[in-house]
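Listing of run.csv, CSV, N, CA and C atoms
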chain,number,residue,atom,x,y,z
A,1,MET,N,49.5,319.7,-6.2
A,1,MET,CA,48.8,320.3,-5.1
A,1,MET,C,49.8,321.0,-4.3
A,2,THR,N,49.5,322.3,-4.0
A,2,THR,CA,50.4,323.1,-3.2
A,2,THR,C,49.9,323.2,-1.8
A,3,THR,N,50.7,323.0,-0.8
A,3,THR,CA,50.3,322.9,0.6
A,3,THR,C,51.0,324.1,1.3
A,4,LYS,N,50.2,324.7,2.2
A,4,LYS,CA,50.8,325.8,3.1
A,4,LYS,C,51.0,325.2,4.4
A,5,SER,N,52.2,325.5,4.9
A,5,SER,CA,52.5,325.0,6.3
A,5,SER,C,51.9,325.9,7.3
A,6,ALA,N,52.0,325.5,8.6
A,6,ALA,CA,51.5,326.4,9.7
A,6,ALA,C,52.1,327.7,9.7
A,7,HIS,N,53.3,327.9,9.1
A,7,HIS,CA,54.0,329.2,9.1
A,7,HIS,C,53.7,330.0,7.8
A,8,GLY,N,52.9,329.4,6.9
A,8,GLY,CA,52.5,330.2,5.7
A,8,GLY,C,53.4,329.9,4.5
A,9,ALA,N,54.4,329.1,4.7
A,9,ALA,CA,55.3,328.9,3.6
A,9,ALA,C,54.7,327.8,2.7
A,10,HIS,N,54.9,327.9,1.4
A,10,HIS,CA,54.5,326.9,0.4
A,10,HIS,C,55.4,325.8,0.4
A,11,LEU,N,54.9,324.6,0.5
A,11,LEU,CA,55.7,323.4,0.5
A,11,LEU,C,55.8,322.7,-0.9
A,12,GLY,N,55.1,323.3,-1.9
A,12,GLY,CA,55.1,322.7,-3.2
A,12,GLY,C,54.4,321.4,-3.3
A,13,ASP,N,54.9,320.5,-4.1
A,13,ASP,CA,54.3,319.2,-4.2
A,13,ASP,C,54.9,318.2,-3.3
A,14,PHE,N,54.6,318.3,-2.0
A,14,PHE,CA,55.2,317.5,-0.9
A,14,PHE,C,54.6,316.1,-1.1
A,15,GLN,N,55.5,315.1,-1.2
A,15,GLN,CA,55.2,313.7,-1.3
A,15,GLN,C,55.7,312.9,-0.1
A,16,PRO,N,54.9,312.8,0.9
A,16,PRO,CA,55.5,312.1,2.1
A,16,PRO,C,55.9,310.6,1.8
A,17,GLU,N,55.2,310.0,0.9
A,17,GLU,CA,55.6,308.6,0.6
A,17,GLU,C,57.0,308.5,0.0
A,18,GLU,N,57.2,309.5,-0.9
A,18,GLU,CA,58.5,309.5,-1.6
A,18,GLU,C,59.6,309.9,-0.6
A,19,LEU,N,59.4,310.8,0.3
A,19,LEU,CA,60.4,311.2,1.3
A,19,LEU,C,60.6,310.0,2.3
A,20,LEU,N,59.6,309.3,2.7
A,20,LEU,CA,59.7,308.1,3.5
A,20,LEU,C,60.5,307.0,2.8
A,21,GLY,N,60.3,306.8,1.6
A,21,GLY,CA,61.1,305.8,0.8
A,21,GLY,C,62.5,306.2,0.7
A,22,GLN,N,62.9,307.5,0.5
A,22,GLN,CA,64.2,307.9,0.5
A,22,GLN,C,64.9,307.7,1.9
A,23,LEU,N,64.2,308.1,2.9
A,23,LEU,CA,64.7,307.9,4.3
A,23,LEU,C,65.0,306.4,4.6
A,24,LYS,N,64.1,305.6,4.2
A,24,LYS,CA,64.3,304.1,4.4
A,24,LYS,C,65.5,303.6,3.7
A,25,ALA,N,65.7,304.1,2.4
A,25,ALA,CA,66.8,303.6,1.6
A,25,ALA,C,68.1,304.1,2.2
A,26,GLU,N,68.1,305.3,2.7
A,26,GLU,CA,69.3,305.9,3.4
A,26,GLU,C,69.6,305.1,4.7
A,27,GLN,N,68.6,304.8,5.5
A,27,GLN,CA,68.8,304.0,6.7
A,27,GLN,C,69.3,302.6,6.4
A,28,GLN,N,68.8,302.0,5.3
A,28,GLN,CA,69.2,300.6,5.0
A,28,GLN,C,70.7,300.7,4.5
A,29,SER,N,71.1,301.7,3.8
A,29,SER,CA,72.5,301.8,3.4
A,29,SER,C,73.4,302.0,4.6
A,30,ARG,N,73.0,302.8,5.6
A,30,ARG,CA,73.8,302.9,6.8
A,30,ARG,C,73.8,301.6,7.6
A,31,ASN,N,72.7,300.8,7.6
A,31,ASN,CA,72.7,299.5,8.3
A,31,ASN,C,73.7,298.6,7.6
A,32,TYR,N,73.7,298.5,6.3
A,32,TYR,CA,74.6,297.7,5.6
A,32,TYR,C,76.0,298.1,5.9
A,33,ASP,N,76.3,299.4,5.8
A,33,ASP,CA,77.7,299.9,6.1
A,33,ASP,C,78.1,299.5,7.5
A,34,THR,N,77.2,299.6,8.5
A,34,THR,CA,77.5,299.2,9.9
A,34,THR,C,77.8,297.7,10.0
A,35,ALA,N,77.0,296.9,9.3
A,35,ALA,CA,77.2,295.5,9.4
A,35,ALA,C,78.5,295.1,8.7
A,36,ILE,N,78.8,295.7,7.6
A,36,ILE,CA,80.1,295.4,6.9
A,36,ILE,C,81.3,295.8,7.8
A,37,LYS,N,81.2,296.9,8.4
A,37,LYS,CA,82.3,297.4,9.3
A,37,LYS,C,82.5,296.4,10.5
A,38,PHE,N,81.4,296.0,11.0
A,38,PHE,CA,81.4,295.1,12.2
A,38,PHE,C,82.0,293.8,11.8
A,39,ILE,N,81.6,293.2,10.7
A,39,ILE,CA,82.1,291.9,10.2
A,39,ILE,C,83.6,292.0,9.9
A,40,ASP,N,83.9,293.1,9.3
A,40,ASP,CA,85.3,293.3,8.9
A,40,ASP,C,86.2,293.4,10.2
A,41,ALA,N,85.7,294.2,11.2
A,41,ALA,CA,86.5,294.3,12.4
A,41,ALA,C,86.6,293.0,13.2
A,42,VAL,N,85.6,292.2,13.2
A,42,VAL,CA,85.6,291.0,13.9
A,42,VAL,C,86.4,289.8,13.2
A,43,LEU,N,86.1,289.7,11.9
A,43,LEU,CA,86.6,288.6,11.1
A,43,LEU,C,87.7,288.9,10.2
A,44,GLY,N,87.8,290.2,9.9
A,44,GLY,CA,88.8,290.7,8.9
A,44,GLY,C,88.4,290.4,7.4
A,45,LEU,N,87.1,290.2,7.2
A,45,LEU,CA,86.7,290.0,5.8
A,45,LEU,C,86.4,291.3,5.1
A,46,GLN,N,86.6,291.3,3.9
A,46,GLN,CA,86.4,292.5,3.1
A,46,GLN,C,85.1,292.3,2.3
A,47,LEU,N,84.0,292.7,2.9
A,47,LEU,CA,82.7,292.5,2.2
A,47,LEU,C,82.3,293.9,1.7
A,48,ASP,N,81.3,294.0,0.7
A,48,ASP,CA,80.7,295.3,0.3
A,48,ASP,C,79.2,295.1,0.3
A,49,ALA,N,78.6,296.3,0.3
A,49,ALA,CA,77.1,296.3,0.4
A,49,ALA,C,76.4,295.5,-0.8
A,50,SER,N,77.0,295.5,-1.9
A,50,SER,CA,76.4,294.9,-3.1
A,50,SER,C,76.4,293.4,-3.0
A,51,THR,N,77.3,292.8,-2.2
A,51,THR,CA,77.4,291.4,-2.0
A,51,THR,C,77.1,290.9,-0.6
A,52,LEU,N,76.7,291.8,0.3
A,52,LEU,CA,76.5,291.4,1.7
A,52,LEU,C,75.5,290.3,1.8
A,53,ARG,N,74.4,290.4,1.2
A,53,ARG,CA,73.3,289.4,1.3
A,53,ARG,C,73.7,288.1,0.8
A,54,ASP,N,74.4,288.0,-0.4
A,54,ASP,CA,74.9,286.8,-0.9
A,54,ASP,C,76.0,286.2,0.0
A,55,SER,N,76.8,287.0,0.6
A,55,SER,CA,77.9,286.5,1.5
A,55,SER,C,77.3,285.9,2.7
A,56,LEU,N,76.2,286.3,3.2
A,56,LEU,CA,75.6,285.8,4.4
A,56,LEU,C,74.5,284.7,4.2
A,57,ARG,N,74.1,284.5,2.9
A,57,ARG,CA,73.0,283.6,2.6
A,57,ARG,C,73.3,282.2,3.1
A,58,ASP,N,74.4,281.6,2.9
A,58,ASP,CA,74.7,280.2,3.3
A,58,ASP,C,75.0,280.0,4.7
A,59,GLY,N,75.2,281.1,5.5
A,59,GLY,CA,75.3,281.0,6.9
A,59,GLY,C,76.8,280.8,7.4
A,60,VAL,N,77.7,280.6,6.5
A,60,VAL,CA,79.1,280.3,6.9
A,60,VAL,C,79.7,281.5,7.6
A,61,VAL,N,79.6,282.6,7.0
A,61,VAL,CA,80.1,283.8,7.6
A,61,VAL,C,79.5,284.1,9.0
A,62,LEU,N,78.2,283.9,9.1
A,62,LEU,CA,77.5,284.1,10.3
A,62,LEU,C,78.0,283.1,11.4
A,63,CYS,N,78.2,281.9,11.0
A,63,CYS,CA,78.7,280.9,11.9
A,63,CYS,C,80.1,281.3,12.4
A,64,HIS,N,81.0,281.7,11.5
A,64,HIS,CA,82.3,282.2,11.9
A,64,HIS,C,82.2,283.4,12.9
A,65,LEU,N,81.3,284.3,12.6
A,65,LEU,CA,81.1,285.4,13.4
A,65,LEU,C,80.7,285.0,14.8
A,66,ILE,N,79.7,284.1,14.9
A,66,ILE,CA,79.3,283.7,16.2
A,66,ILE,C,80.4,283.0,17.0
A,67,ASN,N,81.2,282.1,16.3
A,67,ASN,CA,82.3,281.5,17.0
A,67,ASN,C,83.4,282.5,17.4
A,68,LYS,N,83.5,283.5,16.7
A,68,LYS,CA,84.5,284.5,17.1
A,68,LYS,C,84.0,285.2,18.4
A,69,LEU,N,82.7,285.5,18.4
A,69,LEU,CA,82.1,286.2,19.6
A,69,LEU,C,82.0,285.3,20.8
A,70,ARG,N,81.6,284.0,20.5
A,70,ARG,CA,81.5,283.0,21.5
A,70,ARG,C,82.2,281.7,21.1
A,71,PRO,N,83.5,281.6,21.4
A,71,PRO,CA,84.3,280.5,20.9
A,71,PRO,C,83.6,279.2,21.2
A,72,GLY,N,83.5,278.3,20.2
A,72,GLY,CA,83.0,276.9,20.4
A,72,GLY,C,81.5,276.9,20.4
A,73,ALA,N,80.8,278.0,20.2
A,73,ALA,CA,79.3,278.0,20.2
A,73,ALA,C,78.8,277.1,19.0
A,74,ILE,N,79.5,277.1,17.9
A,74,ILE,CA,79.1,276.2,16.8
A,74,ILE,C,80.2,275.2,16.6
A,75,LYS,N,79.9,274.0,16.8
A,75,LYS,CA,80.9,272.9,16.8
A,75,LYS,C,81.4,272.6,15.4
A,76,SER,N,80.5,272.6,14.4
A,76,SER,CA,80.9,272.3,13.0
A,76,SER,C,80.3,273.2,12.1
A,77,ILE,N,81.0,273.7,11.2
A,77,ILE,CA,80.5,274.6,10.1
A,77,ILE,C,80.6,273.9,8.8
A,78,ASN,N,79.4,273.7,8.2
A,78,ASN,CA,79.4,273.0,6.9
A,78,ASN,C,79.6,274.0,5.8
A,79,THR,N,80.7,273.8,5.1
A,79,THR,CA,81.1,274.7,4.0
A,79,THR,C,80.8,274.1,2.6
A,80,ARG,N,80.2,272.9,2.6
A,80,ARG,CA,79.8,272.3,1.3
A,80,ARG,C,78.7,273.2,0.6
A,81,SER,N,78.8,273.3,-0.6
A,81,SER,CA,77.8,274.1,-1.4
A,81,SER,C,76.7,273.1,-1.9
A,82,LEU,N,75.6,273.1,-1.2
A,82,LEU,CA,74.5,272.3,-1.7
A,82,LEU,C,73.3,273.2,-2.1
A,83,PRO,N,72.9,273.1,-3.3
A,83,PRO,CA,71.8,274.0,-3.7
A,83,PRO,C,70.5,274.0,-2.9
A,84,PHE,N,70.2,272.8,-2.4
A,84,PHE,CA,68.9,272.7,-1.7
A,84,PHE,C,69.0,273.3,-0.3
A,85,THR,N,70.2,273.6,0.3
A,85,THR,CA,70.3,274.1,1.6
A,85,THR,C,70.3,275.6,1.6
A,86,GLN,N,70.4,276.3,0.5
A,86,GLN,CA,70.6,277.7,0.5
A,86,GLN,C,69.2,278.4,0.4
What does this structure look like when you write it as structure tokens?
Amino acid sequence: MTTKSAHGAHLGDFQPEELLGQLKAEQQSRNYDTAIKFIDAVLGLQLDASTLRDSLRDGVVLCHLINKLRPGAIKSINTRSLPFTQ
């Protein structure tokens, strides 16, 4: 389907859902990059976007981040790997 804009130009096969999906993916990528840079700046950890979710899943990195921002906020950080807690 060809669509004409208000200015008379042809927009071709404009797919708003596809464009929205691309914009969301780009925003998510920027969000990941921002989070990685922030964690790196605060904790000095070298994370990347492909492993960010796994790195944060057990909460250890987040606890260290909170303690860095508010020293003593988390008294004890459990670093044991228990499958049922993840």
- atom CA of A:Arg57 to atom CA of A:Leu20, distance in Å rounded to a single decimal: 27.9 Å
- Message: Can you tell me which residues surround stretch 59-64 of chain A at a distance of at most 7 Å, considering only C-alpha atoms, apart from same-chain residues fewer than 3 positions away, and format the answer as a PyMOL selection string?
- Response: chain A and resi 56+67-68+74+77+79
- Message: Quick check, in Å to one decimal: how far apart do atom N of A:Leu52 and atom N of A:Ile66 lie?
- Response: 16.8 Å
- Point-to-point distance from atom CA of A:Arg80 to atom CA of A:Leu65, Å rounded to tenths: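 Going from atom CA of A:Arg80 over to atom CA of A:Leu65 covers 17.9 Å.
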